[in-house]
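Report on the structure given below.
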There are 2 protein chains.
Amino acid sequence: MSAAKFDVLTIGNAIVDVIAKVEDAFVQQEQLVKGSMNLIDEERAEHLYAVMGPAIEISGGSAGNTAAGVASFGGRAAYFGKVRADQLGEIYRHDMRAQGVAFDTPAATNGPATARSFILVTPDGERTMNTYLGACVNLNVADVDKAVVEASQVTYMEGYLWDKPEAKEAFRLAAKIAKAAGRLTSITLSDSFCVERHRDSFLDLIKGSIDIVFANESEIKSLYKTQNFDGAVQAVAQDCPMAVLTRSEKGSLIVRGAERIDVKAHPVRQVVDVTGAGDLYAAGFLFGHTRGLPLATCASLGSAAAAEIISHTGARPEINLGQHAKALGLI
Amino acid sequence: MSAAKFDVLTIGNAIVDVIAKVEDAFVQQEQLVKGSMNLIDEERAEHLYAVMGPAIEISGGSAGNTAAGVASFGGRAAYFGKVRADQLGEIYRHDMRAQGVAFDTPAATNGPATARSFILVTPDGERTMNTYLGACVNLNVADVDKAVVEASQVTYMEGYLWDKPEAKEAFRLAAKIAKAAGRLTSITLSDSFCVERHRDSFLDLIKGSIDIVFANESEIKSLYKTQNFDGAVQAVAQDCPMAVLTRSEKGSLIVRGAERIDVKAHPVRQVVDVTGAGDLYAAGFLFGHTRGLPLATCASLGSAAAAEIISHTGARPEINLGQHAKALGLI
């Protein structure tokens, strides 16, 4: 195995977030469940955009946010994701590269536009996402650059990719290449309803070829069809070498065989927008892990990054996370 | 004169702001003068975007911000400005309409893309703007909807329009229609270097057909080629029925004939990004003025709106300014 060129490669849906602050009544009026992630078609996207208030645009996408986070910590990050060759696609590519992330997946030159997620942020900081996948449907095995996967210490993928058959195949191929190259593979379960849609194949994947699984409490419980967190913890300990379980203000739990490491959440002055909390937690954790830091430190790095991201609008860091981690004495 | 359908019509360059936080060193390295507004060509735009960090996109444009502000106060606002039929153009139109602004200027279907301003915000909250006018060059007399001008209590235009001959003609036509309809006309001088470029024709315009001129201290001094603020005040009192002069933390001064009304600035906890301060001041002032409120109250409304806008990134209000003004006891 040659020296790694990248610490973390992430693969996911390349999405520009269109973020508007709304009242709870608007979420209800649109018959949305607060805190949910909804996949929407073009018609619904047009409707929602027509009725929602003024917005701001910030690059997002779960795995994209994680790559940006790793780079902000000073890690070497790469990203695979599909935009279209349009203005939002240019913005997305700019924002990744400007953050220091290697992002060379070719843009689609035809087909649907670059993906957008209409994110409604309520006064409590909760986000309700409405994602039009657009050009993301074109991510396929041809976009899996073998050399980059082989040169990355960890390949991390978002469960959301499972919603499109071609992306799912790309995901599987990347995992296979990474394993063959002796690298680590990692996955986030993304969303409990995403887990519900793909429970069996997620379980197959985790049992067979994933080294580190990231999940929040509801996702891991959904995976094992239980209401009992401890039951889910015991189950995942059997299925995967390492599980990193986030529990919002209750902190996070690392599960490695019989080992359990419980880490407190980083304090947050005011929750403005929770979008990207899990993505940035994963960024901090993976950055620390690829640096060989103790697992508790990795979790603290994750918590610090998550705390930063929920303190402002948007899921990309507003500060240099590496400097922030140094100031906190974590690195 | 029939009843007005709109309180304020604004005309300006329709620009999407691309905002990045930078260190002072970056501004120097790009040989920019902090606080300046630079018109840039496509090549320079590409260079700047390639070297600047991750950004967020928010609709902007001086007069566009003012229209959005008037609407946020609960005023009836309309806007003329030119975007191209592209993704950023759609975003711009959405954000105006979602704020309640009537915006029906047809988008250009060919020619340059929707305008972008690359705004570099330094840690002190100062902004250095680099504007690629793009589709704005296509705004012309055909875009001046006579019925809308005639139906607006005030037509307010940005001096920046003077940088393109066609836009300048559109501006002149709108002023003529407004005067003929017995409506008020208003102009902002926009920027002291814009004044330098167009001093004589600005003076002609102000003397002949403008009822209310908005300017900050450096702009009004530039207009009258003086370093003495009082001298400029005396001069503008001769030339224009009303001048509204903003002086940052020193507050604002309304000059109407021999009358002088000095109003304190609204306190600001932390200056995050000064972009749009003047635009939102004008919004508050014009909203109050079209409601027939006392001039001192109009100025206070302007100051409150300016204080809100500089407390966060971007030049569009993040709160309902009407509710804010009520809470402050101003309306």
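Naming scheme: A, B, ... for chains in displayed order of the structure tokens; residues 1 onward per chain; ligands 1 onward as shown.
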
* To do: Report the residues of range 95-278 of chain B whose backbone DSSP state falls under strand (DSSP E), written as a ChimeraX atom specification.
  => /B:102-103,115-121,127-132,152-158,184-188,212-216,242-246,252-256,259-263

Prev. selection, N, CA and C atoms, output as a CSV table (one decimal), in the first residue's frame:
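Everything below was put into again-v4.csv:
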```csv
chain,number,residue,atom,x,y,z
B,102,ALA,N,-42.9,43.8,-6.6
B,102,ALA,CA,-43.3,43.6,-7.9
B,102,ALA,C,-42.1,43.8,-8.9
B,103,PHE,N,-41.7,42.7,-9.6
B,103,PHE,CA,-40.5,42.8,-10.4
B,103,PHE,C,-40.8,42.1,-11.7
B,115,ALA,N,-25.7,39.5,-13.4
B,115,ALA,CA,-24.6,40.2,-12.7
B,115,ALA,C,-24.3,39.6,-11.4
B,116,ARG,N,-23.0,39.6,-11.1
B,116,ARG,CA,-22.5,39.1,-9.8
B,116,ARG,C,-21.6,40.2,-9.2
B,117,SER,N,-21.7,40.3,-7.9
B,117,SER,CA,-20.7,41.2,-7.2
B,117,SER,C,-19.9,40.3,-6.2
B,118,PHE,N,-18.6,40.2,-6.4
B,118,PHE,CA,-17.8,39.4,-5.5
B,118,PHE,C,-17.5,40.4,-4.3
B,119,ILE,N,-18.1,40.1,-3.2
B,119,ILE,CA,-18.0,41.0,-2.0
B,119,ILE,C,-17.0,40.3,-1.0
B,120,LEU,N,-16.0,41.0,-0.7
B,120,LEU,CA,-15.0,40.5,0.2
B,120,LEU,C,-15.2,41.2,1.6
B,121,VAL,N,-15.6,40.5,2.6
B,121,VAL,CA,-15.9,41.1,3.9
B,121,VAL,C,-14.7,40.8,4.8
B,127,ARG,N,-16.7,46.0,3.6
B,127,ARG,CA,-16.9,45.2,2.4
B,127,ARG,C,-16.1,45.9,1.2
B,128,THR,N,-15.5,45.1,0.4
B,128,THR,CA,-14.8,45.5,-0.8
B,128,THR,C,-15.5,44.8,-2.0
B,129,MET,N,-16.2,45.6,-2.8
B,129,MET,CA,-17.0,45.0,-3.8
B,129,MET,C,-16.4,45.0,-5.2
B,130,ASN,N,-16.6,43.9,-5.9
B,130,ASN,CA,-16.1,43.7,-7.3
B,130,ASN,C,-17.2,43.3,-8.1
B,131,THR,N,-17.7,44.2,-8.9
B,131,THR,CA,-19.0,43.9,-9.6
B,131,THR,C,-18.8,43.7,-11.1
B,132,TYR,N,-19.3,42.5,-11.5
B,132,TYR,CA,-19.3,42.2,-12.9
B,132,TYR,C,-20.8,42.5,-13.4
B,152,SER,N,-46.4,55.0,-9.0
B,152,SER,CA,-45.5,55.0,-7.8
B,152,SER,C,-45.3,56.3,-7.1
B,153,GLN,N,-45.5,56.4,-5.8
B,153,GLN,CA,-45.4,57.7,-5.1
B,153,GLN,C,-44.0,58.3,-5.3
B,154,VAL,N,-43.0,57.4,-5.2
B,154,VAL,CA,-41.6,57.8,-5.4
B,154,VAL,C,-40.9,56.9,-6.4
B,155,THR,N,-40.1,57.4,-7.3
B,155,THR,CA,-39.2,56.6,-8.1
B,155,THR,C,-37.8,56.9,-7.7
B,156,TYR,N,-37.1,55.9,-7.2
B,156,TYR,CA,-35.8,56.0,-6.6
B,156,TYR,C,-34.8,55.2,-7.5
B,157,MET,N,-33.7,55.9,-7.8
B,157,MET,CA,-32.7,55.3,-8.7
B,157,MET,C,-31.3,55.3,-8.2
B,158,GLU,N,-30.5,54.3,-8.5
B,158,GLU,CA,-29.2,54.3,-8.0
B,158,GLU,C,-28.2,55.0,-9.0
B,184,LEU,N,-42.9,61.9,-6.9
B,184,LEU,CA,-41.5,62.3,-6.5
B,184,LEU,C,-40.5,61.5,-7.1
B,185,THR,N,-39.3,62.1,-7.3
B,185,THR,CA,-38.1,61.4,-7.8
B,185,THR,C,-37.0,61.4,-6.8
B,186,SER,N,-36.3,60.4,-6.7
B,186,SER,CA,-35.2,60.3,-5.8
B,186,SER,C,-34.0,59.6,-6.3
B,187,ILE,N,-32.8,59.9,-5.9
B,187,ILE,CA,-31.6,59.3,-6.4
B,187,ILE,C,-30.7,59.1,-5.2
B,188,THR,N,-29.9,58.0,-5.3
B,188,THR,CA,-28.8,57.9,-4.4
B,188,THR,C,-27.5,58.0,-5.2
B,212,ILE,N,-35.6,64.2,-3.9
B,212,ILE,CA,-34.8,63.8,-2.7
B,212,ILE,C,-33.5,63.1,-3.1
B,213,VAL,N,-32.4,63.6,-2.7
B,213,VAL,CA,-31.2,63.0,-3.0
B,213,VAL,C,-30.6,62.3,-1.7
B,214,PHE,N,-30.2,61.1,-1.8
B,214,PHE,CA,-29.5,60.4,-0.7
B,214,PHE,C,-28.0,60.3,-1.0
B,215,ALA,N,-27.2,60.6,0.0
B,215,ALA,CA,-25.8,60.5,-0.1
B,215,ALA,C,-25.2,60.3,1.2
B,216,ASN,N,-24.0,59.7,1.2
B,216,ASN,CA,-23.2,59.7,2.5
B,216,ASN,C,-22.3,60.8,2.4
B,242,MET,N,-34.8,68.3,-1.2
B,242,MET,CA,-34.5,67.6,0.1
B,242,MET,C,-33.2,66.7,-0.1
B,243,ALA,N,-32.3,66.8,0.8
B,243,ALA,CA,-31.2,65.9,0.8
B,243,ALA,C,-31.1,65.1,2.1
B,244,VAL,N,-30.9,63.8,2.0
B,244,VAL,CA,-30.8,63.0,3.2
B,244,VAL,C,-29.4,62.4,3.2
B,245,LEU,N,-28.7,62.9,4.2
B,245,LEU,CA,-27.2,62.6,4.3
B,245,LEU,C,-26.9,61.7,5.4
B,246,THR,N,-26.3,60.5,5.1
B,246,THR,CA,-26.0,59.6,6.1
B,246,THR,C,-24.5,59.7,6.5
B,252,SER,N,-27.6,60.7,10.9
B,252,SER,CA,-28.0,61.3,9.6
B,252,SER,C,-28.5,62.7,9.7
B,253,LEU,N,-28.5,63.4,8.6
B,253,LEU,CA,-28.9,64.8,8.6
B,253,LEU,C,-29.9,65.0,7.4
B,254,ILE,N,-31.0,65.5,7.7
B,254,ILE,CA,-32.0,65.8,6.6
B,254,ILE,C,-31.9,67.3,6.4
B,255,VAL,N,-31.8,67.7,5.1
B,255,VAL,CA,-31.6,69.1,4.7
B,255,VAL,C,-32.8,69.4,3.8
B,256,ARG,N,-33.6,70.3,4.3
B,256,ARG,CA,-34.8,70.7,3.4
B,256,ARG,C,-34.9,72.2,3.5
B,259,GLU,N,-34.2,74.2,6.7
B,259,GLU,CA,-34.4,73.2,7.8
B,259,GLU,C,-33.2,72.2,7.9
B,260,ARG,N,-32.8,71.8,9.1
B,260,ARG,CA,-31.8,70.8,9.3
B,260,ARG,C,-32.4,69.9,10.4
B,261,ILE,N,-32.5,68.6,10.1
B,261,ILE,CA,-32.9,67.6,11.1
B,261,ILE,C,-31.8,66.6,11.3
B,262,ASP,N,-31.3,66.6,12.5
B,262,ASP,CA,-30.1,65.7,12.8
B,262,ASP,C,-30.7,64.5,13.6
B,263,VAL,N,-30.4,63.3,13.1
B,263,VAL,CA,-30.9,62.1,13.8
B,263,VAL,C,-29.8,61.2,14.2
```

Quick one: chain B onto chain A, least squares on all Cα paired in order, result as a compact mmCIF listing (two decimals) with C-alpha atoms, in the first residue's frame?
```txt
# COMPACT_ATOMS: atom_id res chain seq x y z
CA MET B 1 -0.01 0.00 -0.01
CA SER B 2 1.53 3.30 -1.06
CA ALA B 3 1.34 6.46 1.05
CA ALA B 4 -2.09 8.03 0.99
CA LYS B 5 -2.51 11.18 -1.04
CA PHE B 6 -5.82 11.95 0.66
CA ASP B 7 -6.97 11.49 4.21
CA VAL B 8 -10.66 11.32 3.39
CA LEU B 9 -12.55 10.84 0.14
CA THR B 10 -16.27 11.44 0.41
CA ILE B 11 -18.91 10.50 -2.14
CA GLY B 12 -22.39 11.96 -2.17
CA ASN B 13 -25.11 14.02 -3.75
CA ALA B 14 -23.74 17.42 -4.81
CA ILE B 15 -26.44 19.84 -3.73
CA VAL B 16 -26.73 23.60 -3.44
CA ASP B 17 -28.76 24.49 -0.36
CA VAL B 18 -31.43 27.15 -0.80
CA ILE B 19 -32.11 28.22 2.75
CA ALA B 20 -35.04 30.27 3.99
CA LYS B 21 -36.13 31.07 7.52
CA VAL B 22 -39.78 30.20 7.99
CA GLU B 23 -42.34 30.01 10.75
CA ASP B 24 -43.65 26.62 11.88
CA ALA B 25 -46.98 27.47 10.24
CA PHE B 26 -45.36 27.43 6.81
CA VAL B 27 -44.00 23.93 7.35
CA GLN B 28 -47.46 22.75 8.38
CA GLN B 29 -49.17 24.56 5.53
CA GLU B 30 -46.91 22.73 3.08
CA GLN B 31 -47.82 19.48 4.85
CA LEU B 32 -44.23 18.81 5.76
CA VAL B 33 -42.99 17.07 8.86
CA LYS B 34 -40.53 19.31 10.67
CA GLY B 35 -37.03 17.84 10.66
CA SER B 36 -37.67 15.52 7.71
CA MET B 37 -35.74 15.14 4.45
CA ASN B 38 -38.06 14.88 1.47
CA LEU B 39 -37.07 13.94 -2.04
CA ILE B 40 -39.07 16.11 -4.42
CA ASP B 41 -39.61 16.24 -8.16
CA GLU B 42 -39.22 19.28 -10.37
CA GLU B 43 -42.86 20.28 -10.16
CA ARG B 44 -42.84 20.21 -6.37
CA ALA B 45 -39.54 22.11 -6.39
CA GLU B 46 -41.11 24.84 -8.47
CA HIS B 47 -44.12 25.03 -6.20
CA LEU B 48 -42.06 25.23 -3.02
CA TYR B 49 -39.71 27.84 -4.43
CA ALA B 50 -42.66 29.92 -5.57
CA VAL B 51 -44.23 29.98 -2.12
CA MET B 52 -41.15 30.21 0.09
CA GLY B 53 -39.55 33.48 1.15
CA PRO B 54 -36.27 35.09 0.10
CA ALA B 55 -33.41 32.64 0.44
CA ILE B 56 -29.67 32.40 0.49
CA GLU B 57 -27.65 29.86 -1.45
CA ILE B 58 -24.82 27.90 0.12
CA SER B 59 -23.17 24.75 -1.19
CA GLY B 60 -24.22 21.70 0.79
CA GLY B 61 -24.81 17.99 0.30
CA SER B 62 -24.11 15.69 3.21
CA ALA B 63 -20.81 14.14 2.08
CA GLY B 64 -19.82 17.44 0.45
CA ASN B 65 -20.16 19.13 3.82
CA THR B 66 -18.02 16.43 5.38
CA ALA B 67 -15.26 16.88 2.79
CA ALA B 68 -15.35 20.65 3.34
CA GLY B 69 -15.10 20.05 7.08
CA VAL B 70 -12.12 17.72 6.76
CA ALA B 71 -10.35 20.31 4.60
CA SER B 72 -11.18 23.09 7.05
CA PHE B 73 -9.49 21.04 9.78
CA GLY B 74 -6.41 20.89 7.57
CA GLY B 75 -7.01 17.36 6.32
CA ARG B 76 -6.49 16.32 2.71
CA ALA B 77 -9.96 15.77 1.29
CA ALA B 78 -11.35 14.62 -2.04
CA TYR B 79 -14.93 14.44 -3.26
CA PHE B 80 -16.95 12.63 -5.91
CA GLY B 81 -20.33 14.11 -6.76
CA LYS B 82 -22.29 15.12 -9.83
CA VAL B 83 -23.29 18.64 -10.77
CA ARG B 84 -24.45 19.85 -14.11
CA ALA B 85 -22.40 22.36 -16.11
CA ASP B 86 -24.56 25.30 -15.03
CA GLN B 87 -24.22 28.31 -12.72
CA LEU B 88 -25.09 26.40 -9.56
CA GLY B 89 -22.70 23.66 -10.64
CA GLU B 90 -19.92 26.22 -11.00
CA ILE B 91 -20.73 27.61 -7.59
CA TYR B 92 -20.61 24.14 -6.08
CA ARG B 93 -17.27 23.33 -7.66
CA HIS B 94 -15.84 26.68 -6.64
CA ASP B 95 -16.88 26.27 -3.04
CA MET B 96 -15.35 22.79 -2.79
CA ARG B 97 -12.06 23.74 -4.40
CA ALA B 98 -11.86 27.06 -2.57
CA GLN B 99 -12.09 25.04 0.65
CA GLY B 100 -9.19 22.93 -0.58
CA VAL B 101 -11.15 19.82 -1.54
CA ALA B 102 -10.03 17.95 -4.68
CA PHE B 103 -13.20 17.71 -6.76
CA ASP B 104 -12.81 16.55 -10.34
CA THR B 105 -15.95 14.57 -11.11
CA PRO B 106 -16.91 15.82 -14.58
CA ALA B 107 -20.07 17.92 -14.69
CA ALA B 108 -23.00 16.55 -16.68
CA THR B 109 -23.42 18.48 -19.90
CA ASN B 110 -27.03 17.51 -20.35
CA GLY B 111 -29.94 16.24 -18.31
CA PRO B 112 -31.33 17.81 -15.15
CA ALA B 113 -29.85 20.92 -13.50
CA THR B 114 -27.55 20.90 -10.48
CA ALA B 115 -29.40 19.62 -7.43
CA ARG B 116 -31.01 22.00 -4.96
CA SER B 117 -32.31 21.39 -1.49
CA PHE B 118 -34.93 23.83 -0.30
CA ILE B 119 -34.18 24.00 3.39
CA LEU B 120 -36.76 25.56 5.65
CA VAL B 121 -35.26 26.62 8.97
CA THR B 122 -37.78 27.21 11.76
CA PRO B 123 -37.15 29.53 14.74
CA ASP B 124 -36.03 26.56 16.87
CA GLY B 125 -33.12 25.95 14.46
CA GLU B 126 -34.66 22.73 13.10
CA ARG B 127 -34.39 22.18 9.36
CA THR B 128 -36.89 20.60 7.00
CA MET B 129 -35.22 19.61 3.75
CA ASN B 130 -36.80 19.26 0.33
CA THR B 131 -34.29 17.91 -2.12
CA TYR B 132 -34.54 17.93 -5.87
CA LEU B 133 -31.74 15.55 -6.87
CA GLY B 134 -31.37 16.92 -10.41
CA ALA B 135 -27.97 16.11 -11.89
CA CYS B 136 -27.12 13.78 -8.99
CA VAL B 137 -29.02 11.04 -10.80
CA ASN B 138 -26.15 10.96 -13.27
CA LEU B 139 -23.47 9.91 -10.79
CA ASN B 140 -22.39 6.45 -11.87
CA VAL B 141 -19.55 3.94 -11.80
CA ALA B 142 -17.64 5.89 -14.44
CA ASP B 143 -17.27 8.70 -11.88
CA VAL B 144 -15.42 6.49 -9.42
CA ASP B 145 -11.81 7.48 -10.02
CA LYS B 146 -9.97 4.33 -8.97
CA ALA B 147 -6.67 6.11 -8.34
CA VAL B 148 -8.31 8.57 -5.94
CA VAL B 149 -10.08 5.81 -4.00
CA GLU B 150 -6.85 3.83 -3.73
CA ALA B 151 -4.99 6.94 -2.59
CA SER B 152 -7.44 7.80 0.20
CA GLN B 153 -7.04 6.57 3.77
CA VAL B 154 -10.81 6.47 4.19
CA THR B 155 -13.61 6.45 1.63
CA TYR B 156 -16.77 7.81 3.23
CA MET B 157 -20.16 7.63 1.56
CA GLU B 158 -23.62 8.93 2.33
CA GLY B 159 -26.59 6.59 2.57
CA TYR B 160 -28.60 9.05 0.50
CA LEU B 161 -26.74 7.72 -2.55
CA TRP B 162 -28.79 4.56 -2.16
CA ASP B 163 -31.84 6.40 -3.49
CA LYS B 164 -30.58 6.17 -7.08
CA PRO B 165 -29.53 2.79 -8.54
CA GLU B 166 -26.57 4.17 -10.52
CA ALA B 167 -25.20 6.05 -7.52
CA LYS B 168 -25.62 2.93 -5.41
CA GLU B 169 -23.52 0.98 -7.90
CA ALA B 170 -20.88 3.71 -7.84
CA PHE B 171 -20.90 3.50 -4.06
CA ARG B 172 -20.46 -0.29 -4.13
CA LEU B 173 -17.63 -0.07 -6.62
CA ALA B 174 -15.81 2.53 -4.53
CA ALA B 175 -16.14 0.34 -1.42
CA LYS B 176 -14.74 -2.62 -3.34
CA ILE B 177 -11.76 -0.66 -4.66
CA ALA B 178 -11.02 0.76 -1.22
CA LYS B 179 -11.10 -2.65 0.45
CA ALA B 180 -8.90 -4.16 -2.26
CA ALA B 181 -6.40 -1.36 -1.70
CA GLY B 182 -6.36 -2.04 2.05
CA ARG B 183 -8.06 1.27 2.83
CA LEU B 184 -10.87 2.01 5.27
CA THR B 185 -14.48 2.35 4.20
CA SER B 186 -17.10 4.34 6.00
CA ILE B 187 -20.76 5.13 5.58
CA THR B 188 -23.30 7.42 7.17
CA LEU B 189 -26.84 6.13 7.38
CA SER B 190 -27.98 9.70 6.55
CA ASP B 191 -31.60 9.63 7.71
CA SER B 192 -33.86 7.17 9.48
CA PHE B 193 -36.29 7.11 6.56
CA CYS B 194 -33.42 6.50 4.18
CA VAL B 195 -32.59 3.52 6.44
CA GLU B 196 -36.19 2.39 6.24
CA ARG B 197 -36.08 2.48 2.45
CA HIS B 198 -32.84 0.52 2.24
CA ARG B 199 -32.54 -1.42 5.51
CA ASP B 200 -31.60 -4.82 4.14
CA SER B 201 -29.00 -3.66 1.69
CA PHE B 202 -27.52 -1.28 4.26
CA LEU B 203 -27.16 -4.20 6.65
CA ASP B 204 -25.56 -6.36 3.98
CA LEU B 205 -23.13 -3.61 3.18
CA ILE B 206 -22.22 -2.89 6.79
CA LYS B 207 -21.65 -6.55 7.58
CA GLY B 208 -19.54 -7.13 4.52
CA SER B 209 -17.45 -4.14 3.62
CA ILE B 210 -17.74 -1.17 5.96
CA ASP B 211 -15.17 -0.37 8.64
CA ILE B 212 -16.83 2.63 10.28
CA VAL B 213 -20.52 3.35 10.30
CA PHE B 214 -21.86 6.77 11.37
CA ALA B 215 -25.45 7.05 12.54
CA ASN B 216 -27.57 9.08 14.86
CA GLU B 217 -29.80 7.52 17.47
CA SER B 218 -32.92 7.24 15.32
CA GLU B 219 -30.99 5.89 12.35
CA ILE B 220 -29.26 3.10 14.27
CA LYS B 221 -32.54 2.17 15.96
CA SER B 222 -34.26 2.10 12.58
CA LEU B 223 -31.52 -0.10 11.14
CA TYR B 224 -32.14 -2.74 13.79
CA LYS B 225 -35.89 -2.16 14.04
CA THR B 226 -35.76 -1.43 17.73
CA GLN B 227 -36.84 1.35 20.04
CA ASN B 228 -34.01 0.45 22.39
CA PHE B 229 -30.75 2.27 21.84
CA ASP B 230 -28.69 -0.26 23.83
CA GLY B 231 -30.10 -3.06 21.74
CA ALA B 232 -29.06 -1.29 18.57
CA VAL B 233 -25.60 -0.66 20.04
CA GLN B 234 -25.13 -4.35 20.83
CA ALA B 235 -26.28 -5.31 17.35
CA VAL B 236 -24.03 -2.92 15.49
CA ALA B 237 -21.05 -4.01 17.63
CA GLN B 238 -21.55 -7.49 16.14
CA ASP B 239 -21.93 -6.26 12.57
CA CYS B 240 -19.26 -3.62 12.07
CA PRO B 241 -15.72 -3.04 13.38
CA MET B 242 -16.61 0.48 14.51
CA ALA B 243 -19.82 2.45 14.92
CA VAL B 244 -19.87 6.15 15.75
CA LEU B 245 -23.25 7.07 17.14
CA THR B 246 -24.30 10.69 17.60
CA ARG B 247 -26.98 11.68 20.09
CA SER B 248 -27.35 15.46 19.69
CA GLU B 249 -26.98 17.21 23.05
CA LYS B 250 -26.39 13.84 24.75
CA GLY B 251 -23.02 13.59 23.00
CA SER B 252 -21.72 10.62 21.07
CA LEU B 253 -20.82 7.00 21.62
CA ILE B 254 -18.08 5.07 19.89
CA VAL B 255 -18.63 1.34 19.70
CA ARG B 256 -15.65 -0.84 18.84
CA GLY B 257 -16.11 -4.51 19.67
CA ALA B 258 -16.65 -4.64 23.43
CA GLU B 259 -15.27 -1.13 23.85
CA ARG B 260 -17.60 1.85 24.49
CA ILE B 261 -16.37 5.42 24.51
CA ASP B 262 -18.90 8.02 25.58
CA VAL B 263 -18.06 11.63 24.73
CA LYS B 264 -19.93 14.76 25.78
CA ALA B 265 -21.39 17.19 23.26
CA HIS B 266 -19.58 20.47 22.76
CA PRO B 267 -21.58 23.36 24.27
CA VAL B 268 -23.48 25.58 21.83
CA ARG B 269 -24.51 29.12 22.72
CA GLN B 270 -27.47 29.30 20.35
CA VAL B 271 -28.74 26.77 17.85
CA VAL B 272 -29.43 28.69 14.64
CA ASP B 273 -29.65 25.95 12.01
CA VAL B 274 -28.96 22.27 12.70
CA THR B 275 -28.29 21.48 9.02
CA GLY B 276 -24.99 19.63 8.64
CA ALA B 277 -24.46 18.73 12.31
CA GLY B 278 -23.93 15.04 11.52
CA ASP B 279 -21.85 15.82 8.43
CA LEU B 280 -19.45 17.99 10.36
CA TYR B 281 -19.28 15.56 13.26
CA ALA B 282 -18.11 12.95 10.75
CA ALA B 283 -15.58 15.43 9.35
CA GLY B 284 -14.02 16.02 12.76
CA PHE B 285 -14.03 12.37 13.67
CA LEU B 286 -12.47 11.21 10.40
CA PHE B 287 -9.90 13.98 10.44
CA GLY B 288 -8.80 12.88 13.90
CA HIS B 289 -8.92 9.20 13.03
CA THR B 290 -6.76 9.60 9.92
CA ARG B 291 -4.28 11.51 12.11
CA GLY B 292 -4.18 8.50 14.42
CA LEU B 293 -5.62 10.42 17.38
CA PRO B 294 -7.34 8.63 20.30
CA LEU B 295 -11.00 7.85 19.59
CA ALA B 296 -12.22 10.13 22.38
CA THR B 297 -10.31 13.01 20.77
CA CYS B 298 -11.79 12.12 17.38
CA ALA B 299 -15.25 12.35 18.91
CA SER B 300 -14.43 15.69 20.52
CA LEU B 301 -13.23 17.04 17.20
CA GLY B 302 -16.52 15.90 15.68
CA SER B 303 -18.52 17.54 18.45
CA ALA B 304 -16.61 20.81 18.13
CA ALA B 305 -17.24 20.92 14.38
CA ALA B 306 -20.93 20.08 14.82
CA ALA B 307 -21.26 22.83 17.43
CA GLU B 308 -19.74 25.36 15.06
CA ILE B 309 -22.00 24.41 12.17
CA ILE B 310 -25.27 24.65 14.10
CA SER B 311 -24.37 28.09 15.46
CA HIS B 312 -24.98 29.70 12.04
CA THR B 313 -27.01 29.30 8.87
CA GLY B 314 -25.65 26.80 6.36
CA ALA B 315 -23.71 23.56 6.57
CA ARG B 316 -20.24 24.76 5.61
CA PRO B 317 -17.84 25.94 8.32
CA GLU B 318 -17.54 29.71 8.76
CA ILE B 319 -14.26 29.46 10.62
CA ASN B 320 -11.01 27.54 10.17
CA LEU B 321 -11.74 24.35 12.07
CA GLY B 322 -8.06 23.48 12.37
CA GLN B 323 -7.34 26.72 14.24
CA HIS B 324 -10.49 26.20 16.29
CA ALA B 325 -9.37 22.69 17.28
CA LYS B 326 -5.96 24.02 18.25
CA ALA B 327 -7.54 26.76 20.36
CA LEU B 328 -9.59 24.08 22.10
CA GLY B 329 -6.44 22.08 22.75
CA LEU B 330 -7.72 19.09 20.77
CA ILE B 331 -4.84 18.97 18.28
```

* Asked: Among range 54-150 of chain A, which ones does DSSP place in alpha helix (DSSP H), written as a PyMOL selection string?
  -> chain A and resi 62-73+87-98+146-150
